[in-house]
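Quick notes on the structure that follows.
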Amino acid sequence: MVTASRRLIATVTLLGLMGMADPPAASYPPVEIPTAVQVAGASRDPMPAGTRSPAALAIIPGRFPDGGRTLRADAGTHAGAATPSIEVRGADPAETELADWALGRFQEAGLELPDTIITFHDTPAGCGGNSGLFRHGHPAEVHLCIPAERPAKARKLIALHELGHAWAETHTDPTTRAAFLTERGIDTWYDPHQQPHLWGAEHAAETISWALMDEPVRIIRIYDAAPDQLTAAYQVLTGHEPLNAQ
């Protein structure tokens with residue numbers, strides 16, 4: 001169970017961030033957890049308001065077994081398994097580079113993403129008013145609404161965080177989730193009646209974003225975020241060592 005002191009510390013931290021005119025890089029909003037109907041694949045709009053033209057599709061080079069420039073990497077196999085399909089929509093050259101970098105970090109870490117559509121938006125409306133948004137689905141959806149003026153470190157963290165949700169929601173079983181919750185000292189993967197900083201889903205995404213960064217970064221949206229604590233959490237969650245420790 002989460003102790004009262006931890007709840008108080010986390011709540012005070014969250015309230016402090018909410019009152020900042022320009023919140024720190026890591027204080028972006030949490031994942032959207034869809035309803036059962038949405039998860040079942042009812043009627044989801046893959047291009048919400050605020051999205052660039054569907055024709056603006058980015059090409060991600062060199063992230064797939066064939067080594068070529070490909071928009072959809074769903075042909076061929078890798079280690080006996082079907083290659084995930086990764087599609088990027090609405091990206092300008094800088095955003096294409098960001099997506100390519102983030103996908104490369106997951107590949108280097110050995111964390112295979114599910115079939116995913118990554119959509120960049122011009123306004124926060126495409127992410128429900130947030131800087132990023134993850135939605136369950138087949139394929140999974142990652143929406144990024146990161147202003148160009150945000151520092152590079154913040155842009156990287158947000159991209160890794162939302163992709164971290166995609167990995168954690170599709171590659172963790174109940175046993176792993178239970179072990180991760182114990183390691184983090186929290187008691188729920190997701191509970192709409194609790195603050196997001198008490199969800200295992202958010203701790204997982206924050207842990208992954210920290211572990212896959214290519215430069216030092218301080219995580220402030222969750223408690224117990226010292227490097228040794230995040231390293232232990234990442235090991236439990238993924239069975240790997242953090243990239244930033246190699």
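Numbering starts fresh at 1 for the residues of each chain in the structure tokens, the chains themselves are lettered A, B, ... in the order given, and ligands are numbered from 1 as they appear.
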
With only C-alpha atoms as the counted atoms, please give the residues lying no more than 12 Å from His240 in chain A, apart from itself and same-chain residues fewer than 6 positions off, as a PyMOL selection string.
chain A and resi 106+108-111+208+211-212+231-234+246

Near-His203 in chain A list (12 Å; only C-alpha atoms; drop same-chain fewer than 2 positions) as an MDAnalysis selection string
chainID A and resid 30:31 161:162 164:165 168 177 180:190 195:201 205:210 219:225 229:230 233:234 237

Taking C-alpha atoms for each residue, export the selection above as an mmCIF file, in the first residue's frame.
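Output file out.cif is given in full below:
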```cif
data_model
loop_
_atom_site.group_PDB
_atom_site.id
_atom_site.type_symbol
_atom_site.label_atom_id
_atom_site.label_comp_id
_atom_site.auth_asym_id
_atom_site.auth_seq_id
_atom_site.Cartn_x
_atom_site.Cartn_y
_atom_site.Cartn_z
ATOM 1 C CA PRO A 30 -0.364 11.425 -18.315
ATOM 2 C CA VAL A 31 -1.668 8.699 -20.587
ATOM 3 C CA HIS A 161 7.234 8.335 -22.390
ATOM 4 C CA GLU A 162 4.327 7.806 -24.780
ATOM 5 C CA GLY A 164 6.885 3.549 -23.184
ATOM 6 C CA HIS A 165 3.155 3.253 -22.565
ATOM 7 C CA ALA A 168 4.346 -1.541 -21.201
ATOM 8 C CA ARG A 177 3.096 -5.829 -13.234
ATOM 9 C CA PHE A 180 6.823 -3.786 -10.598
ATOM 10 C CA LEU A 181 4.117 -2.373 -8.322
ATOM 11 C CA THR A 182 5.844 -3.971 -5.325
ATOM 12 C CA GLU A 183 9.189 -2.535 -6.380
ATOM 13 C CA ARG A 184 7.672 0.935 -6.718
ATOM 14 C CA GLY A 185 5.639 0.741 -3.499
ATOM 15 C CA ILE A 186 2.304 1.390 -5.186
ATOM 16 C CA ASP A 187 -0.806 -0.743 -5.400
ATOM 17 C CA THR A 188 -2.504 -0.223 -8.754
ATOM 18 C CA TRP A 189 -1.543 -0.272 -12.431
ATOM 19 C CA TYR A 190 -4.380 2.110 -13.246
ATOM 20 C CA GLN A 195 -3.832 10.611 -9.097
ATOM 21 C CA PRO A 196 -1.822 9.468 -12.169
ATOM 22 C CA HIS A 197 1.469 9.712 -10.265
ATOM 23 C CA LEU A 198 0.228 6.740 -8.223
ATOM 24 C CA TRP A 199 -0.438 4.510 -11.247
ATOM 25 C CA GLY A 200 1.918 1.728 -12.189
ATOM 26 C CA ALA A 201 1.272 2.624 -15.837
ATOM 27 C CA ALA A 205 6.387 5.050 -18.775
ATOM 28 C CA GLU A 206 8.505 7.398 -16.663
ATOM 29 C CA THR A 207 10.969 4.607 -15.863
ATOM 30 C CA ILE A 208 11.334 3.664 -19.526
ATOM 31 C CA SER A 209 11.763 7.268 -20.658
ATOM 32 C CA TRP A 210 14.525 7.764 -18.076
ATOM 33 C CA ILE A 219 12.537 12.567 -13.308
ATOM 34 C CA ILE A 220 10.180 14.660 -11.173
ATOM 35 C CA ARG A 221 6.664 13.399 -11.933
ATOM 36 C CA ILE A 222 6.969 10.363 -9.664
ATOM 37 C CA TYR A 223 8.580 9.882 -6.275
ATOM 38 C CA ASP A 224 11.469 7.481 -5.549
ATOM 39 C CA ALA A 225 13.171 8.597 -8.763
ATOM 40 C CA GLN A 229 15.633 3.246 -7.737
ATOM 41 C CA LEU A 230 14.759 3.748 -11.401
ATOM 42 C CA ALA A 233 12.405 -0.608 -11.445
ATOM 43 C CA TYR A 234 13.539 -0.882 -15.068
ATOM 44 C CA LEU A 237 9.862 -4.198 -15.690
#
```

Could you pull out the strand (DSSP E or B) residues of range 49-239 of chain A from DSSP and send them as a ChimeraX atom specification?
/A:51,57-58,60-61,69-70,77-78,81-82,86-89,116-121,132-135,140-144

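As for CA of Glu141 in chain A and CA of Ala166 in chain A, they are spaced 7.9 Å apart.
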
Give the answer as one residue: which of A:Ile146, A:Ala179, A:Ala159, A:Val88 has the shortest atom-to-atom distance to Phe134 in chain A, using only C-alpha atoms?
A:Ala159

Write out as JSON, numbers by chain all residues of range 128-198 of chain A that DSSP puts in alpha helix (DSSP H) for this structure's backbone.
{"A": [152, 153, 154, 155, 156, 157, 158, 159, 160, 161, 162, 163, 164, 165, 166, 167, 168, 169, 170, 171, 174, 175, 176, 177, 178, 179, 180, 181, 182, 183, 184]}

Put those residues in a file: N, CA and C atoms, as a short mmCIF file (atom, residue, chain, number, x, y, z; two decimals), in the first residue's frame.
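See selection.cif below for the written result:
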```
data_model
loop_
_atom_site.label_atom_id
_atom_site.label_comp_id
_atom_site.auth_asym_id
_atom_site.auth_seq_id
_atom_site.Cartn_x
_atom_site.Cartn_y
_atom_site.Cartn_z
N ALA A 152 15.14 20.30 -26.48
CA ALA A 152 15.30 18.97 -27.08
C ALA A 152 15.13 17.86 -26.06
N LYS A 153 15.62 18.07 -24.84
CA LYS A 153 15.51 17.04 -23.81
C LYS A 153 14.04 16.76 -23.49
N ALA A 154 13.23 17.81 -23.42
CA ALA A 154 11.81 17.62 -23.14
C ALA A 154 11.14 16.86 -24.27
N ARG A 155 11.46 17.20 -25.50
CA ARG A 155 10.87 16.54 -26.66
C ARG A 155 11.20 15.05 -26.65
N LYS A 156 12.44 14.73 -26.33
CA LYS A 156 12.85 13.33 -26.27
C LYS A 156 12.10 12.58 -25.18
N LEU A 157 12.02 13.19 -24.01
CA LEU A 157 11.34 12.54 -22.88
C LEU A 157 9.88 12.25 -23.19
N ILE A 158 9.21 13.21 -23.79
CA ILE A 158 7.79 13.03 -24.10
C ILE A 158 7.60 11.89 -25.09
N ALA A 159 8.43 11.87 -26.14
CA ALA A 159 8.32 10.80 -27.14
C ALA A 159 8.57 9.44 -26.51
N LEU A 160 9.61 9.33 -25.70
CA LEU A 160 9.93 8.05 -25.06
C LEU A 160 8.83 7.65 -24.07
N HIS A 161 8.29 8.62 -23.37
CA HIS A 161 7.23 8.33 -22.39
C HIS A 161 6.01 7.71 -23.06
N GLU A 162 5.53 8.33 -24.13
CA GLU A 162 4.33 7.81 -24.78
C GLU A 162 4.59 6.46 -25.44
N LEU A 163 5.75 6.30 -26.06
CA LEU A 163 6.10 4.99 -26.62
C LEU A 163 6.30 3.97 -25.50
N GLY A 164 6.75 4.44 -24.34
CA GLY A 164 6.89 3.55 -23.18
C GLY A 164 5.55 2.97 -22.77
N HIS A 165 4.50 3.78 -22.85
CA HIS A 165 3.16 3.25 -22.56
C HIS A 165 2.81 2.15 -23.56
N ALA A 166 3.12 2.37 -24.84
CA ALA A 166 2.79 1.37 -25.85
C ALA A 166 3.49 0.05 -25.55
N TRP A 167 4.76 0.13 -25.14
CA TRP A 167 5.49 -1.10 -24.82
C TRP A 167 4.92 -1.76 -23.56
N ALA A 168 4.76 -0.98 -22.49
CA ALA A 168 4.35 -1.54 -21.20
C ALA A 168 2.96 -2.15 -21.25
N GLU A 169 2.06 -1.55 -22.03
CA GLU A 169 0.69 -2.07 -22.09
C GLU A 169 0.58 -3.35 -22.91
N THR A 170 1.58 -3.66 -23.69
CA THR A 170 1.51 -4.84 -24.56
C THR A 170 2.56 -5.91 -24.24
N HIS A 171 3.51 -5.60 -23.35
CA HIS A 171 4.59 -6.55 -23.09
C HIS A 171 4.77 -6.88 -21.61
N PRO A 174 0.50 -10.04 -15.87
CA PRO A 174 0.12 -9.73 -14.49
C PRO A 174 1.23 -9.96 -13.48
N THR A 175 2.04 -11.00 -13.69
CA THR A 175 3.13 -11.28 -12.75
C THR A 175 4.16 -10.16 -12.76
N THR A 176 4.53 -9.71 -13.95
CA THR A 176 5.51 -8.62 -14.06
C THR A 176 4.95 -7.33 -13.48
N ARG A 177 3.70 -7.06 -13.76
CA ARG A 177 3.10 -5.83 -13.23
C ARG A 177 3.05 -5.86 -11.71
N ALA A 178 2.71 -7.01 -11.14
CA ALA A 178 2.65 -7.12 -9.69
C ALA A 178 4.03 -6.91 -9.07
N ALA A 179 5.06 -7.48 -9.69
CA ALA A 179 6.42 -7.30 -9.19
C ALA A 179 6.85 -5.84 -9.30
N PHE A 180 6.46 -5.19 -10.39
CA PHE A 180 6.82 -3.79 -10.60
C PHE A 180 6.12 -2.91 -9.57
N LEU A 181 4.84 -3.15 -9.32
CA LEU A 181 4.12 -2.37 -8.32
C LEU A 181 4.76 -2.52 -6.95
N THR A 182 5.17 -3.74 -6.61
CA THR A 182 5.84 -3.97 -5.32
C THR A 182 7.15 -3.20 -5.26
N GLU A 183 7.92 -3.25 -6.33
CA GLU A 183 9.19 -2.54 -6.38
C GLU A 183 9.00 -1.03 -6.20
N ARG A 184 7.91 -0.50 -6.78
CA ARG A 184 7.67 0.93 -6.72
C ARG A 184 6.88 1.36 -5.48
#
```

Could you tell me how far CA of Cys145 in chain A lies from CA of Thr116 in chain A, in Å and to one decimal?
16.6 Å

For Gly132 in chain A, please output as a list in words all residues within 6 Å (counting only C-alpha atoms; exclusion window: fewer than 2 positions along the same chain).
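Selected residues are Cys127, Asn130, His143, Leu144 and Cys145 of chain A.
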